[in-house]
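J.: Sharing model_10.cif here; it has mmCIF, N, CA, C and O atoms; chains and numbers go by the auth columns.
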```cif
data_work
loop_
_atom_site.group_PDB
_atom_site.id
_atom_site.type_symbol
_atom_site.label_atom_id
_atom_site.label_comp_id
_atom_site.label_asym_id
_atom_site.label_seq_id
_atom_site.Cartn_x
_atom_site.Cartn_y
_atom_site.Cartn_z
_atom_site.B_iso_or_equiv
_atom_site.auth_seq_id
_atom_site.auth_asym_id
ATOM 1 N N MET A 1 1.498 53.112 -45.237 0.00 1 A
ATOM 2 C CA MET A 1 0.082 53.091 -44.955 0.00 1 A
ATOM 3 C C MET A 1 -0.530 54.343 -45.590 0.00 1 A
ATOM 4 O O MET A 1 -0.132 55.446 -45.249 0.00 1 A
ATOM 5 N N PRO A 2 -1.484 54.169 -46.483 0.00 2 A
ATOM 6 C CA PRO A 2 -2.102 55.342 -47.109 0.00 2 A
ATOM 7 C C PRO A 2 -2.838 56.205 -46.092 0.00 2 A
ATOM 8 O O PRO A 2 -3.447 55.694 -45.161 0.00 2 A
ATOM 9 N N ASP A 3 -2.747 57.494 -46.266 0.00 3 A
ATOM 10 C CA ASP A 3 -3.448 58.412 -45.372 0.00 3 A
ATOM 11 C C ASP A 3 -4.947 58.197 -45.477 0.00 3 A
ATOM 12 O O ASP A 3 -5.478 57.998 -46.565 0.00 3 A
ATOM 13 N N GLY A 4 -5.615 58.236 -44.334 0.00 4 A
ATOM 14 C CA GLY A 4 -7.068 58.167 -44.313 0.00 4 A
ATOM 15 C C GLY A 4 -7.647 56.783 -44.198 0.00 4 A
ATOM 16 O O GLY A 4 -8.850 56.638 -44.021 0.00 4 A
ATOM 17 N N ASP A 5 -6.839 55.731 -44.298 0.00 5 A
ATOM 18 C CA ASP A 5 -7.379 54.384 -44.202 0.00 5 A
ATOM 19 C C ASP A 5 -7.726 54.003 -42.767 0.00 5 A
ATOM 20 O O ASP A 5 -8.635 53.225 -42.543 0.00 5 A
ATOM 21 N N LEU A 6 -6.996 54.527 -41.810 0.00 6 A
ATOM 22 C CA LEU A 6 -7.236 54.239 -40.397 0.00 6 A
ATOM 23 C C LEU A 6 -7.230 55.547 -39.624 0.00 6 A
ATOM 24 O O LEU A 6 -6.503 56.475 -39.973 0.00 6 A
ATOM 25 N N PRO A 7 -7.995 55.598 -38.540 0.00 7 A
ATOM 26 C CA PRO A 7 -7.897 56.779 -37.674 0.00 7 A
ATOM 27 C C PRO A 7 -6.461 56.912 -37.145 0.00 7 A
ATOM 28 O O PRO A 7 -5.731 55.924 -37.031 0.00 7 A
ATOM 29 N N LEU A 8 -6.071 58.127 -36.810 0.00 8 A
ATOM 30 C CA LEU A 8 -4.705 58.405 -36.367 0.00 8 A
ATOM 31 C C LEU A 8 -4.299 57.540 -35.177 0.00 8 A
ATOM 32 O O LEU A 8 -3.175 57.013 -35.138 0.00 8 A
ATOM 33 N N LYS A 9 -5.179 57.345 -34.220 0.00 9 A
ATOM 34 C CA LYS A 9 -4.852 56.525 -33.042 0.00 9 A
ATOM 35 C C LYS A 9 -4.534 55.094 -33.463 0.00 9 A
ATOM 36 O O LYS A 9 -3.568 54.498 -32.981 0.00 9 A
ATOM 37 N N ALA A 10 -5.325 54.544 -34.379 0.00 10 A
ATOM 38 C CA ALA A 10 -5.085 53.184 -34.863 0.00 10 A
ATOM 39 C C ALA A 10 -3.769 53.119 -35.635 0.00 10 A
ATOM 40 O O ALA A 10 -3.013 52.151 -35.499 0.00 10 A
ATOM 41 N N GLN A 11 -3.475 54.135 -36.442 0.00 11 A
ATOM 42 C CA GLN A 11 -2.210 54.173 -37.175 0.00 11 A
ATOM 43 C C GLN A 11 -1.033 54.151 -36.212 0.00 11 A
ATOM 44 O O GLN A 11 -0.047 53.444 -36.437 0.00 11 A
ATOM 45 N N ASN A 12 -1.138 54.912 -35.135 0.00 12 A
ATOM 46 C CA ASN A 12 -0.048 54.963 -34.151 0.00 12 A
ATOM 47 C C ASN A 12 0.128 53.624 -33.455 0.00 12 A
ATOM 48 O O ASN A 12 1.259 53.207 -33.178 0.00 12 A
ATOM 49 N N LEU A 13 -0.968 52.924 -33.176 0.00 13 A
ATOM 50 C CA LEU A 13 -0.875 51.603 -32.555 0.00 13 A
ATOM 51 C C LEU A 13 -0.213 50.608 -33.503 0.00 13 A
ATOM 52 O O LEU A 13 0.617 49.801 -33.083 0.00 13 A
ATOM 53 N N VAL A 14 -0.565 50.663 -34.772 0.00 14 A
ATOM 54 C CA VAL A 14 0.055 49.777 -35.769 0.00 14 A
ATOM 55 C C VAL A 14 1.544 50.068 -35.868 0.00 14 A
ATOM 56 O O VAL A 14 2.371 49.148 -35.862 0.00 14 A
ATOM 57 N N LYS A 15 1.910 51.332 -35.913 0.00 15 A
ATOM 58 C CA LYS A 15 3.329 51.697 -36.002 0.00 15 A
ATOM 59 C C LYS A 15 4.098 51.225 -34.769 0.00 15 A
ATOM 60 O O LYS A 15 5.242 50.758 -34.878 0.00 15 A
ATOM 61 N N GLU A 16 3.490 51.337 -33.599 0.00 16 A
ATOM 62 C CA GLU A 16 4.141 50.865 -32.372 0.00 16 A
ATOM 63 C C GLU A 16 4.357 49.359 -32.430 0.00 16 A
ATOM 64 O O GLU A 16 5.430 48.855 -32.105 0.00 16 A
ATOM 65 N N TRP A 17 3.313 48.618 -32.856 0.00 17 A
ATOM 66 C CA TRP A 17 3.415 47.159 -32.954 0.00 17 A
ATOM 67 C C TRP A 17 4.488 46.770 -33.972 0.00 17 A
ATOM 68 O O TRP A 17 5.284 45.868 -33.719 0.00 17 A
ATOM 69 N N LEU A 18 4.512 47.463 -35.106 0.00 18 A
ATOM 70 C CA LEU A 18 5.527 47.179 -36.130 0.00 18 A
ATOM 71 C C LEU A 18 6.939 47.407 -35.600 0.00 18 A
ATOM 72 O O LEU A 18 7.839 46.599 -35.850 0.00 18 A
ATOM 73 N N SER A 19 7.136 48.492 -34.859 0.00 19 A
ATOM 74 C CA SER A 19 8.475 48.779 -34.341 0.00 19 A
ATOM 75 C C SER A 19 8.904 47.752 -33.301 0.00 19 A
ATOM 76 O O SER A 19 10.087 47.435 -33.188 0.00 19 A
ATOM 77 N N MET A 20 7.940 47.199 -32.567 0.00 20 A
ATOM 78 C CA MET A 20 8.259 46.186 -31.560 0.00 20 A
ATOM 79 C C MET A 20 8.595 44.837 -32.201 0.00 20 A
ATOM 80 O O MET A 20 9.283 44.013 -31.598 0.00 20 A
ATOM 81 N N ASN A 21 8.082 44.589 -33.409 0.00 21 A
ATOM 82 C CA ASN A 21 8.210 43.276 -34.033 0.00 21 A
ATOM 83 C C ASN A 21 8.978 43.300 -35.347 0.00 21 A
ATOM 84 O O ASN A 21 8.901 42.346 -36.124 0.00 21 A
ATOM 85 N N ASP A 22 9.737 44.350 -35.599 0.00 22 A
ATOM 86 C CA ASP A 22 10.358 44.494 -36.913 0.00 22 A
ATOM 87 C C ASP A 22 11.314 43.352 -37.259 0.00 22 A
ATOM 88 O O ASP A 22 11.301 42.857 -38.384 0.00 22 A
ATOM 89 N N LYS A 23 12.089 42.894 -36.308 0.00 23 A
ATOM 90 C CA LYS A 23 13.036 41.805 -36.593 0.00 23 A
ATOM 91 C C LYS A 23 12.300 40.496 -36.878 0.00 23 A
ATOM 92 O O LYS A 23 12.654 39.761 -37.808 0.00 23 A
ATOM 93 N N GLU A 24 11.280 40.209 -36.076 0.00 24 A
ATOM 94 C CA GLU A 24 10.517 38.985 -36.282 0.00 24 A
ATOM 95 C C GLU A 24 9.767 39.013 -37.613 0.00 24 A
ATOM 96 O O GLU A 24 9.691 38.008 -38.321 0.00 24 A
ATOM 97 N N LEU A 25 9.225 40.171 -37.980 0.00 25 A
ATOM 98 C CA LEU A 25 8.518 40.304 -39.249 0.00 25 A
ATOM 99 C C LEU A 25 9.466 40.121 -40.428 0.00 25 A
ATOM 100 O O LEU A 25 9.128 39.451 -41.409 0.00 25 A
ATOM 101 N N GLN A 26 10.678 40.686 -40.329 0.00 26 A
ATOM 102 C CA GLN A 26 11.654 40.513 -41.402 0.00 26 A
ATOM 103 C C GLN A 26 12.058 39.056 -41.528 0.00 26 A
ATOM 104 O O GLN A 26 12.187 38.537 -42.638 0.00 26 A
ATOM 105 N N LYS A 27 12.233 38.384 -40.391 0.00 27 A
ATOM 106 C CA LYS A 27 12.596 36.962 -40.420 0.00 27 A
ATOM 107 C C LYS A 27 11.494 36.139 -41.078 0.00 27 A
ATOM 108 O O LYS A 27 11.771 35.254 -41.897 0.00 27 A
ATOM 109 N N MET A 28 10.236 36.435 -40.756 0.00 28 A
ATOM 110 C CA MET A 28 9.125 35.721 -41.385 0.00 28 A
ATOM 111 C C MET A 28 9.109 35.973 -42.890 0.00 28 A
ATOM 112 O O MET A 28 8.839 35.062 -43.670 0.00 28 A
ATOM 113 N N TRP A 29 9.373 37.202 -43.291 0.00 29 A
ATOM 114 C CA TRP A 29 9.397 37.533 -44.720 0.00 29 A
ATOM 115 C C TRP A 29 10.504 36.755 -45.432 0.00 29 A
ATOM 116 O O TRP A 29 10.290 36.166 -46.483 0.00 29 A
ATOM 117 N N ASP A 30 11.683 36.742 -44.816 0.00 30 A
ATOM 118 C CA ASP A 30 12.835 36.086 -45.431 0.00 30 A
ATOM 119 C C ASP A 30 12.661 34.573 -45.523 0.00 30 A
ATOM 120 O O ASP A 30 13.056 33.959 -46.516 0.00 30 A
ATOM 121 N N THR A 31 12.102 33.964 -44.488 0.00 31 A
ATOM 122 C CA THR A 31 11.989 32.509 -44.440 0.00 31 A
ATOM 123 C C THR A 31 10.641 31.997 -44.935 0.00 31 A
ATOM 124 O O THR A 31 10.473 30.791 -45.134 0.00 31 A
ATOM 125 N N GLN A 32 9.686 32.904 -45.112 0.00 32 A
ATOM 126 C CA GLN A 32 8.315 32.530 -45.503 0.00 32 A
ATOM 127 C C GLN A 32 7.698 31.560 -44.495 0.00 32 A
ATOM 128 O O GLN A 32 6.896 30.704 -44.847 0.00 32 A
ATOM 129 N N THR A 33 8.087 31.710 -43.220 0.00 33 A
ATOM 130 C CA THR A 33 7.535 30.943 -42.117 0.00 33 A
ATOM 131 C C THR A 33 6.756 31.893 -41.233 0.00 33 A
ATOM 132 O O THR A 33 7.305 32.870 -40.724 0.00 33 A
ATOM 133 N N ILE A 34 5.480 31.603 -41.054 0.00 34 A
ATOM 134 C CA ILE A 34 4.609 32.481 -40.284 0.00 34 A
ATOM 135 C C ILE A 34 4.508 31.989 -38.845 0.00 34 A
ATOM 136 O O ILE A 34 4.253 30.810 -38.608 0.00 34 A
ATOM 137 N N VAL A 35 4.740 32.876 -37.912 0.00 35 A
ATOM 138 C CA VAL A 35 4.573 32.570 -36.480 0.00 35 A
ATOM 139 C C VAL A 35 3.682 33.631 -35.862 0.00 35 A
ATOM 140 O O VAL A 35 3.584 34.756 -36.369 0.00 35 A
ATOM 141 N N LYS A 36 3.044 33.276 -34.771 0.00 36 A
ATOM 142 C CA LYS A 36 2.158 34.212 -34.088 0.00 36 A
ATOM 143 C C LYS A 36 2.991 35.192 -33.268 0.00 36 A
ATOM 144 O O LYS A 36 3.902 34.806 -32.550 0.00 36 A
ATOM 145 N N LEU A 37 2.660 36.474 -33.399 0.00 37 A
ATOM 146 C CA LEU A 37 3.337 37.518 -32.635 0.00 37 A
ATOM 147 C C LEU A 37 2.391 38.058 -31.573 0.00 37 A
ATOM 148 O O LEU A 37 1.177 38.088 -31.765 0.00 37 A
ATOM 149 N N ALA A 38 2.967 38.499 -30.484 0.00 38 A
ATOM 150 C CA ALA A 38 2.168 39.026 -29.371 0.00 38 A
ATOM 151 C C ALA A 38 1.500 40.335 -29.760 0.00 38 A
ATOM 152 O O ALA A 38 2.089 41.154 -30.466 0.00 38 A
ATOM 153 N N PRO A 39 0.287 40.544 -29.273 0.00 39 A
ATOM 154 C CA PRO A 39 -0.389 41.830 -29.503 0.00 39 A
ATOM 155 C C PRO A 39 0.150 42.894 -28.568 0.00 39 A
ATOM 156 O O PRO A 39 0.910 42.604 -27.629 0.00 39 A
ATOM 157 N N LEU A 40 -0.241 44.131 -28.792 0.00 40 A
ATOM 158 C CA LEU A 40 0.081 45.206 -27.853 0.00 40 A
ATOM 159 C C LEU A 40 -0.688 44.960 -26.565 0.00 40 A
ATOM 160 O O LEU A 40 -1.795 44.434 -26.576 0.00 40 A
ATOM 161 N N GLU A 41 -0.107 45.359 -25.472 0.00 41 A
ATOM 162 C CA GLU A 41 -0.813 45.210 -24.198 0.00 41 A
ATOM 163 C C GLU A 41 -1.379 46.521 -23.736 0.00 41 A
ATOM 164 O O GLU A 41 -0.960 47.561 -24.068 0.00 41 A
#
```
When written as structure tokens, how does the structure in this file appear?
T.:
Amino acid sequence: MPDGDLPLKAQNLVKEWLSMNDKELQKMWDTQTIVKLAPLE
């Protein structure tokens, strides 16, 4: 993520969401099948 594109708080939320969904995101990338992932609560 390029610096300055999002406020720091938003960057941290994105990083948290990515870490929670890393396996599912990799599976979607590998299979090219898109599924809905849960948002942060």
J.: Emit as AutoDock Vina command-line options the padded axis-aligned box for all listed atoms of segment 4-22 of chain A, 6 Å per side, with centre and edge lengths in Å to one decimal.
T.:
```
--center_x 1.2 --center_y 50.4 --center_z -37.9 --size_x 32.2 --size_y 28.1 --size_z 24.8
```
J.: Evaluate the PyMOL selection byres (((chain A and resi 38 and name CA) around 10) and name CA) and record the selected residues as a list in words, following the chain and residue labels used in the document.
T.: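 What the PyMOL selection byres (((chain A and resi 38 and name CA) around 10) and name CA) grabs from the file is Trp17, Met20, Asn21, Val35, Lys36, Leu37, Pro39, Leu40 and Glu41 of chain A.
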J.: Once you have the residues from the selection above, write them out as an mmCIF file, keeping the file's coordinate frame, restricted to N, CA, C and O atoms.
T.:
```cif
data_model
loop_
_atom_site.group_PDB
_atom_site.id
_atom_site.type_symbol
_atom_site.label_atom_id
_atom_site.label_comp_id
_atom_site.auth_asym_id
_atom_site.auth_seq_id
_atom_site.Cartn_x
_atom_site.Cartn_y
_atom_site.Cartn_z
ATOM 1 N N TRP A 17 3.313 48.618 -32.856
ATOM 2 C CA TRP A 17 3.415 47.159 -32.954
ATOM 3 C C TRP A 17 4.488 46.770 -33.972
ATOM 4 O O TRP A 17 5.284 45.868 -33.719
ATOM 5 N N MET A 20 7.940 47.199 -32.567
ATOM 6 C CA MET A 20 8.259 46.186 -31.560
ATOM 7 C C MET A 20 8.595 44.837 -32.201
ATOM 8 O O MET A 20 9.283 44.013 -31.598
ATOM 9 N N ASN A 21 8.082 44.589 -33.409
ATOM 10 C CA ASN A 21 8.210 43.276 -34.033
ATOM 11 C C ASN A 21 8.978 43.300 -35.347
ATOM 12 O O ASN A 21 8.901 42.346 -36.124
ATOM 13 N N VAL A 35 4.740 32.876 -37.912
ATOM 14 C CA VAL A 35 4.573 32.570 -36.480
ATOM 15 C C VAL A 35 3.682 33.631 -35.862
ATOM 16 O O VAL A 35 3.584 34.756 -36.369
ATOM 17 N N LYS A 36 3.044 33.276 -34.771
ATOM 18 C CA LYS A 36 2.158 34.212 -34.088
ATOM 19 C C LYS A 36 2.991 35.192 -33.268
ATOM 20 O O LYS A 36 3.902 34.806 -32.550
ATOM 21 N N LEU A 37 2.660 36.474 -33.399
ATOM 22 C CA LEU A 37 3.337 37.518 -32.635
ATOM 23 C C LEU A 37 2.391 38.058 -31.573
ATOM 24 O O LEU A 37 1.177 38.088 -31.765
ATOM 25 N N PRO A 39 0.287 40.544 -29.273
ATOM 26 C CA PRO A 39 -0.389 41.830 -29.503
ATOM 27 C C PRO A 39 0.150 42.894 -28.568
ATOM 28 O O PRO A 39 0.910 42.604 -27.629
ATOM 29 N N LEU A 40 -0.241 44.131 -28.792
ATOM 30 C CA LEU A 40 0.081 45.206 -27.853
ATOM 31 C C LEU A 40 -0.688 44.960 -26.565
ATOM 32 O O LEU A 40 -1.795 44.434 -26.576
ATOM 33 N N GLU A 41 -0.107 45.359 -25.472
ATOM 34 C CA GLU A 41 -0.813 45.210 -24.198
ATOM 35 C C GLU A 41 -1.379 46.521 -23.736
ATOM 36 O O GLU A 41 -0.960 47.561 -24.068
#
```
J.: Do you have the atom C of Val14 of chain A-atom O of Gln26 of chain A distance handy?
T.: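 We find that atom C of Val14 of chain A and atom O of Gln26 of chain A lie 17.1 Å from each other.
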J.: Which parts of chain A does DSSP call helix (DSSP H, G or I) when run on the backbone here, written out as a PyMOL selection string?
T.: chain A and resi 8-20+22-31
J.: Could you state the separation of atom CA of Ile34 of chain A and atom CA of Ala10 of chain A in Å, given to one decimal place?
T.: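 Atom-to-atom, atom CA of Ile34 of chain A and atom CA of Ala10 of chain A are spaced 23.5 Å apart.
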J.: Atom CA of Leu13 of chain A and atom CA of Leu25 of chain A, how far apart in Å?
T.: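 According to the coordinates, atom CA of Leu25 of chain A and atom CA of Leu13 of chain A are separated by 16.1 Å.
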